[in-house]
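Each remark here refers to the structure printed beneath this line.
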Amino acid sequence: MNRQFLAGVVSFTVATVCISVPECSGWAPPLDIDSDWKVYAPVGVWAIVDAWVESGGPVYWWDWDWASGAYNVGQADYDYSSSSWGIYDSSGIYSVYVYGYSTGGSDDAHSYVYAVAVTQVISSTSAACVGQNVTFGAITDPLNCAHLVTVTWSAPGGTPSSGTGSQFTTKWSTPGPKTVTATCGDSNASKSITVFTIKSETVSTVPPGRNRTILGIGEPVTCWTEPSVSVNWSVEGPSSVYPETGTSTTFTAVKSPSYATVHAQKGSADCTLDFEVIAPSGMNVVKYQDLTPGVSGPPNNKIGASSQFTSIVLPTSVCFQWAEFRENIPTDTWIWPDGTEQSNLAHTVPWSVGYNNLTIDTLSPQGGLQPIGRIHDGSSYVSFSYTIRVPAEYKNQYNQWTSWLPGETHPREFRGSDQKARVIFNATNSANGDWMGPWQ
Amino acid sequence: MCRFNFGWIAGIVPFMICISSFQGSSMKANEGLNQHLAVIRSQNKGKETNWAKLEAECLKLVKDHNSPEEKGEIYATIALIYAEKGYTSREDVRIPKALEYCKKALQHPLDATTACEMYGRWAGALMVTYWSYAEEDFVTVRQEAIVPCLTGLKLALDNKAPKEYPKAPPPVSKYDNPGDKELVNRHKEELAAQKKWQFLEKLFFQRKALTQMCISLYSHKPYDADELRNLAQKILKNHEGVVNELIGQVEARIAELEAPSTQTSKQSPREPAKDPPANSTQR
């Protein structure tokens, strides 16, 4: 009503001016104005609407009408254009009208102002792996306007940690709960996701550095997600996982050299951890102690010597506690200097190592204590030696024994000159027992 | 008062326990069969493995190894071929096969740790299938999955599965003189201690895995520790301490899960700037 009154006053004034001005023929082209069809502005941010003359004009007076809810409304006017601005602090679609008045008459135009707020952040996944790209999208009110306004993103700790646009992709290099915030004007919304990684710890406390990913054959490892997230566990390659779901699993290395990749999957997140499984490659042998020699002196003039050695399976960078070993000792026959033949029948000796890959090997003469006469060739006591072959094997994933130290031997030496005995243990390294005796 | 209908569970549990006879670690080793099965099992590399071929190769062995114990071992190996690599999704084709052969193996005599694992793999296959079900559906399927889980746990506990990782005995030493009776006897003792430890270690891992699965199932929404308590009390008879411990672990896990909260909020707009900045709108 007020507007109609004003329009009447303007028309009357313009008509009066025309009558009194010679140049004015009394006719002016009809006014045609237009304005922005749609204007998008974040809530709390100035929305600027432009209006202009399409034909006719100039406009003597621009009149802007912002819908309720807008505040701080202002305008700048020119003969053929005008701008107006206003702010909404609530999201929505608002109508803005503009009226122009000229000597040719009046016209109006209608604009829509979209006051856009971000109401929700969605993500491609609720959980992600360390280093995995995650894409976030802004949901707005009115809907689908995120690409029409400036949405800024912040992702503390992410790479990148900030950005703009309707979508935002980032990743994190550390595990933990992560929050991404989208801001549009005075509105914002956040989304938290869990970024997790696989941690692992060998069951064996030796060697230190239990997060190692190179394992001995058969070695078990506890794997878990950090932070604690329930996932599906699976493995590519030999070896196994148990259980298949949950926050942790036990990965058991297969009993043959191999590679395996453990997967922890949750939604589109697929975290992996690679393991290498290695077989024994050698043995380090050191004399541990000489045991009590055999009883000497008549009538017990026996050759008895026994020494113990520590055998450490190499490499010591992994643990072979879960490997099954055996000495696969073949038949050997030898003849003592006195002409006596003696045989060592084929037999196997299963053995194992502790966390430190160590076991004890005890060497002693076959057949128990031998009479000293065994090294007497009929004229004098002589030196003599014979060798026991002790090839080492481990059981592989096919339940088959695999030779890994085929040349391992246990030579024994007897010295006739001073009637002493000694044993020498040879593997990839060699270690000697001390001379023992005399037995006479 | 019990809110649940456990009638069907009351029926299935005695069945599950009676269908298997478990023989501790004293099952007779059949090295020939073991080796055949190990060779077949070793061909399982996860993805892109022809599992049906491996299954068929195992089943061929039934012809020559058809005692109940041997069939149990064969079926358990097939179950492991399908299950031991885990699953890539709930549609994984291995899941129904794993379920089928776990159940089949459990109808035959198995050593205790293998039987525990069959129950665990059974429960695991169900869990992978059901994990992303809507809460209202998960309630029902969880009642199905928890039964093999608790049954396996009961078996592990009955076999004195240790709660803590068992201390390893001294390593089995070597000797090269079979004529030394003292050495040979000491070696036999070491070997026996080692075998006992290996059995206890397997039981420990079974107890750990089965316990963890029970916790996972009941720390999944909708939370229902009461239902777990009722079921555990029925199935884990004579292990009341373990029931209480289990419930405590479930409650602790739920508390852990509920601690962090996801934030999605629209904050109140602040007082806007007074002057219209350039490029403040987009058309």
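We name chains A, B, ... following the order of the structure tokens; residues begin at 1 in each chain, and ligands are numbered from 1 as shown.
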
Tell me the residues of chain A close to chain B, meaning within 7 Å using only C-alpha atoms, as a ChimeraX atom specification.
-> /A:38-41,44-48,89,119-120,148-149,186-192,232-238,240-246,349,351-354,359-368,397-399

Long-range neighbours of Gln233 (chain B) as a VMD selection string, 9 Å cut-off, only C-alpha atoms, 6 positions minimum in chain = chain B and resid 239 to 240 243

So which residues touch Gly152 (chain B) within 10 Å, counting only C-alpha atoms, skipping near sequence neighbours fewer than 4 positions away, as a list in words?
->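 The contact residues come out as Met16, Ile17, Ala112, Thr113, Thr114, Ala115, Cys116, Glu117, Met118, Tyr119, Gly120, Arg121, Trp122, Ala123, Ile146, Val147, Pro148, Ala156, Leu157, Asp158, Gln206, Arg207, Ala209, Leu210, Thr211, Ile235 and Leu236 of chain B.
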
Judged by only C-alpha atoms, the minimum distance to Lys221 (chain B) among B:Asp111, B:Cys58, B:Leu155, B:Glu258 is found for B:Glu258

Name the residues in contact with region 156-159 of chain A at a cut-off of 7 Å, using only C-alpha atoms, excluding same-chain residues fewer than 5 positions from it; report them as a list in words.
-> Thr170, Lys171 and Trp172 of chain A

Residues of region 34-278 of chain B in helix (DSSP H, G or I) according to DSSP, as a PyMOL selection string?
-> chain B and resi 34-41+51-63+68-83+94-105+112-130+135-158+181-218+225-235+240-258

Considering only C-alpha atoms, return as a list in words whatever protein or nucleic-acid residues lie within 8 Å of Asn344 (chain A), sequence-local ones (same chain, fewer than 6 positions apart) excluded.
->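 The filter keeps Pro330, Thr331, Asp332, Thr333, Gln366 and Ile388 of chain A.
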
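Each of A:Tyr97, A:Ser379, A:Cys184, A:Pro30 was checked against Ile139 (chain A) using only C-alpha atoms; the smallest atom-to-atom distance is that of A:Cys184.
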